[in-house]
Amino acid sequence: MNKIGFIGMGNMGKALLKGALKSNSADKFIFSDKYVTDEAAQSIGVEKADDNISCVKAAKYIFLAVKPQYFKEVADEIKDYVTKDKVIVSIMAGLTMDTINESLGGNARVIRVMPNTPALVEAGMSGVCFDASEYIEEEKNTVLGILEACGRVKIVTEAMMSAVTCASGSSPAYVYIFIEALADSVVKYGIPRDAAYEMAAQTVLGAAKMVLETGENPSVLKDRVCSPGGTTIAAVVALEEYGFRNAIFKATDKCYARAEELK
């Protein structure tokens, strides 16, 4: 059996692993992370390698789930053990496939992924791109299968990856802020906080399902809620007045610029 290894078990690595475990047996996985104690590893539920080198040796598929700024240190440690038969899957923001390959000795086959944390509840969104190496169908299907177990997947070109970071990688944070703000705004009028969070979160979930399942343009769906002279259009006018769309554009610009800086 070809094992799947994770180097790094932070929020994103843990989310992907936990999502994948919902449709895969634990013995298929191994991970390494010097900051995870043996006791904490038991709660993760898969084998913990003694170190990064042991993880690479044991696995055919290696998910690099470390922060980009720590990659050079990890690469120097494992590069002598990254052979052509292994598949390197990077979930690090910004770092290009060429940079990753060069840091690993120039002989690596690299797949670059930008997932997001809703993978933990099987509602993730991942952008994936493959380098020019040859992959057999089993290899592609194994990686895509792990990601699909965690949600939806889109194959994109590498040139799009910084934009994917903006569209789905970082943006769950914006949605959480929106849910928090919407809940706060109605708590002000007497709705209990737990009910306010549930109402706001379910509304975001439902609206997103409407976009995905109807295939309608979001602007069309928005117009259907906005009755002439009604409450919703009054609220939408206020959102426009106070720069709701512009705030999203500015956030995306900052996110994109930072992703580009990490290359």
# chains A, B, ... in the order shown; residues from 1 in each chain; ligands from 1
call {"tool": "residues_around", "arguments": {"residues": "Pro118 of chain A", "least_positions_apart": "4", "cutoff": "10 Å", "atoms": "only C-alpha atoms", "output": "ChimeraX atom specification"}}
result
/A:12,15-16,19,122-125,150-151,168-169,172
call {"tool": "write_last_selection", "arguments": {"atoms": "N, CA and C atoms", "output": "CSV table (one decimal), in the first residue's frame"}}
result
chain,number,residue,atom,x,y,z
A,12,MET,N,-4.3,23.8,8.5
A,12,MET,CA,-4.7,23.3,7.1
A,12,MET,C,-4.3,21.9,6.9
A,15,ALA,N,-6.9,19.9,8.8
A,15,ALA,CA,-8.2,19.9,8.2
A,15,ALA,C,-8.3,19.0,7.0
A,16,LEU,N,-7.2,18.9,6.2
A,16,LEU,CA,-7.2,18.0,5.0
A,16,LEU,C,-7.1,16.6,5.5
A,19,GLY,N,-10.5,15.5,7.0
A,19,GLY,CA,-11.4,15.3,5.9
A,19,GLY,C,-11.2,14.0,5.2
A,122,GLU,N,-15.9,18.5,5.2
A,122,GLU,CA,-16.2,18.0,3.8
A,122,GLU,C,-16.9,19.0,3.0
A,123,ALA,N,-16.5,20.3,3.2
A,123,ALA,CA,-17.1,21.4,2.4
A,123,ALA,C,-16.0,22.3,1.9
A,124,GLY,N,-14.8,21.7,1.7
A,124,GLY,CA,-13.7,22.5,1.2
A,124,GLY,C,-13.7,22.9,-0.3
A,125,MET,N,-12.9,23.8,-0.7
A,125,MET,CA,-12.7,24.1,-2.1
A,125,MET,C,-11.2,24.2,-2.3
A,150,CYS,N,-12.8,15.9,0.7
A,150,CYS,CA,-12.9,17.1,1.6
A,150,CYS,C,-13.7,18.2,1.0
A,151,GLY,N,-14.3,18.0,-0.2
A,151,GLY,CA,-15.1,19.0,-0.8
A,151,GLY,C,-14.9,19.0,-2.3
A,168,SER,N,-10.7,31.3,-2.6
A,168,SER,CA,-11.2,30.3,-1.7
A,168,SER,C,-10.2,30.0,-0.5
A,169,GLY,N,-8.9,30.2,-0.7
A,169,GLY,CA,-7.9,29.8,0.3
A,169,GLY,C,-8.1,30.7,1.6
A,172,PRO,N,-12.5,32.2,3.6
A,172,PRO,CA,-13.4,31.8,4.7
A,172,PRO,C,-13.3,32.7,5.9
call {"tool": "residues_around", "arguments": {"residues": "Thr203 of chain A", "least_positions_apart": "3", "cutoff": "12 Å", "atoms": "only C-alpha atoms", "output": "list in words"}}
result
Val175, Phe178, Ile179, Leu182, Ala183, Ala196, Tyr197, Glu198, Met199, Ala200, Gly206, Ala207, Ala208, Lys209 and Met210 of chain A
call {"tool": "write_last_selection", "arguments": {"atoms": "N, CA, C and O atoms", "output": "short mmCIF file (atom, residue, chain, number, x, y, z; two decimals), in the first residue's frame"}}
result
data_model
loop_
_atom_site.label_atom_id
_atom_site.label_comp_id
_atom_site.auth_asym_id
_atom_site.auth_seq_id
_atom_site.Cartn_x
_atom_site.Cartn_y
_atom_site.Cartn_z
N VAL A 175 -15.79 35.40 5.42
CA VAL A 175 -17.15 34.93 5.65
C VAL A 175 -17.43 34.84 7.15
O VAL A 175 -18.52 35.19 7.62
N PHE A 178 -18.18 38.22 8.34
CA PHE A 178 -19.53 38.61 7.94
C PHE A 178 -20.57 37.98 8.87
O PHE A 178 -21.50 38.66 9.34
N ILE A 179 -20.41 36.67 9.16
CA ILE A 179 -21.36 36.00 10.05
C ILE A 179 -21.35 36.64 11.43
O ILE A 179 -22.41 36.89 12.04
N LEU A 182 -23.01 40.13 11.18
CA LEU A 182 -24.46 40.02 11.01
C LEU A 182 -25.13 39.60 12.31
O LEU A 182 -26.17 40.15 12.70
N ALA A 183 -24.52 38.63 13.01
CA ALA A 183 -25.07 38.20 14.29
C ALA A 183 -25.07 39.34 15.30
O ALA A 183 -26.07 39.59 15.98
N ALA A 196 -28.67 33.99 16.88
CA ALA A 196 -28.18 34.90 15.85
C ALA A 196 -27.08 34.25 15.02
O ALA A 196 -27.06 34.36 13.78
N TYR A 197 -26.16 33.54 15.67
CA TYR A 197 -25.10 32.84 14.93
C TYR A 197 -25.69 31.76 14.03
O TYR A 197 -25.28 31.58 12.88
N GLU A 198 -26.67 31.01 14.57
CA GLU A 198 -27.28 29.95 13.77
C GLU A 198 -28.00 30.54 12.55
O GLU A 198 -27.86 30.02 11.43
N MET A 199 -28.76 31.59 12.75
CA MET A 199 -29.48 32.20 11.64
C MET A 199 -28.52 32.74 10.57
O MET A 199 -28.72 32.54 9.37
N ALA A 200 -27.48 33.42 11.01
CA ALA A 200 -26.53 34.00 10.06
C ALA A 200 -25.77 32.92 9.31
O ALA A 200 -25.62 32.98 8.08
N GLY A 206 -27.13 28.42 3.04
CA GLY A 206 -28.23 28.29 2.10
C GLY A 206 -28.02 29.12 0.84
O GLY A 206 -28.29 28.66 -0.28
N ALA A 207 -27.53 30.34 1.00
CA ALA A 207 -27.28 31.20 -0.15
C ALA A 207 -26.20 30.60 -1.04
O ALA A 207 -26.31 30.62 -2.28
N ALA A 208 -25.16 30.04 -0.43
CA ALA A 208 -24.09 29.40 -1.21
C ALA A 208 -24.63 28.19 -1.98
O ALA A 208 -24.29 27.98 -3.15
N LYS A 209 -25.49 27.39 -1.33
CA LYS A 209 -26.08 26.24 -2.02
C LYS A 209 -26.94 26.68 -3.19
O LYS A 209 -26.99 26.01 -4.23
N MET A 210 -27.63 27.79 -3.04
CA MET A 210 -28.45 28.31 -4.14
C MET A 210 -27.57 28.63 -5.35
O MET A 210 -27.92 28.31 -6.49
#
call {"tool": "closest_residue", "arguments": {"among": "A:Ala20, A:Ile78, A:Cys255, A:Val220", "to": "Ala119 of chain A", "atoms": "only C-alpha atoms"}}
result
A:Ala20
call {"tool": "atom_distance", "arguments": {"atom1": "atom CA of Val121 of chain A", "atom2": "atom CA of Ile155 of chain A"}}
result
21.2 Å
call {"tool": "select_by_dssp", "arguments": {"residues": "segment 13-167 of chain A", "states": "strand (DSSP E or B)", "output": "NGL selection string"}}
result
:A and (29-32 or 47-48 or 61-64 or 87-90 or 109-114 or 124-130 or 151-155)
call {"tool": "atom_distance", "arguments": {"atom1": "atom CA of Ser170 of chain A", "atom2": "atom CA of Asn116 of chain A"}}
result
7.2 Å
call {"tool": "residues_around", "arguments": {"residues": "segment 34-50 of chain A", "least_positions_apart": "3", "cutoff": "10 Å", "atoms": "only C-alpha atoms", "output": "list of chain:residue names"}}
result
A:Gly5, A:Phe6, A:Ile7, A:Gly8, A:Met9, A:Gly10, A:Lys14, A:Leu17, A:Lys18, A:Leu21, A:Ser25, A:Ala26, A:Asp27, A:Lys28, A:Phe29, A:Ile30, A:Phe31, A:Ile53, A:Ser54, A:Cys55, A:Val56, A:Lys57, A:Ala58
call {"tool": "write_last_selection", "arguments": {"atoms": "C-alpha atoms", "output": "mmCIF file, in the first residue's frame"}}
result
data_model
loop_
_atom_site.group_PDB
_atom_site.id
_atom_site.type_symbol
_atom_site.label_atom_id
_atom_site.label_comp_id
_atom_site.auth_asym_id
_atom_site.auth_seq_id
_atom_site.Cartn_x
_atom_site.Cartn_y
_atom_site.Cartn_z
ATOM 1 C CA GLY A 5 2.480 11.456 4.347
ATOM 2 C CA PHE A 6 1.888 14.907 5.782
ATOM 3 C CA ILE A 7 4.799 17.083 6.828
ATOM 4 C CA GLY A 8 3.250 19.629 9.150
ATOM 5 C CA MET A 9 0.058 19.304 11.127
ATOM 6 C CA GLY A 10 -1.146 22.880 11.520
ATOM 7 C CA LYS A 14 -5.092 18.832 10.049
ATOM 8 C CA LEU A 17 -6.174 14.927 6.955
ATOM 9 C CA LYS A 18 -9.350 14.887 9.037
ATOM 10 C CA LEU A 21 -9.996 10.189 7.046
ATOM 11 C CA SER A 25 -8.524 4.145 6.582
ATOM 12 C CA ALA A 26 -6.060 5.585 9.079
ATOM 13 C CA ASP A 27 -3.328 3.095 8.143
ATOM 14 C CA LYS A 28 -2.935 4.819 4.762
ATOM 15 C CA PHE A 29 -1.529 7.934 6.448
ATOM 16 C CA ILE A 30 1.545 9.034 8.350
ATOM 17 C CA PHE A 31 2.621 12.490 9.497
ATOM 18 C CA ILE A 53 12.947 12.111 6.899
ATOM 19 C CA SER A 54 11.150 9.059 8.312
ATOM 20 C CA CYS A 55 7.869 10.424 6.962
ATOM 21 C CA VAL A 56 9.321 10.875 3.460
ATOM 22 C CA LYS A 57 10.878 7.420 3.500
ATOM 23 C CA ALA A 58 7.596 5.799 4.515
#
call {"tool": "select_by_dssp", "arguments": {"residues": "segment 25-231 of chain A", "states": "helix (DSSP H, G or I)", "output": "ChimeraX atom specification"}}
result
/A:26-28,38-44,52-58,68-81,97-103,117-121,137-148,158-169,172-187,193-214,218-225,231
call {"tool": "residues_around", "arguments": {"residues": "segment 60-73 of chain A", "least_positions_apart": "5", "cutoff": "9 Å", "atoms": "only C-alpha atoms", "output": "PyMOL selection string"}}
result
chain A and resi 2-10+12-14+55+85-95+100+103+139+142-143+262-263
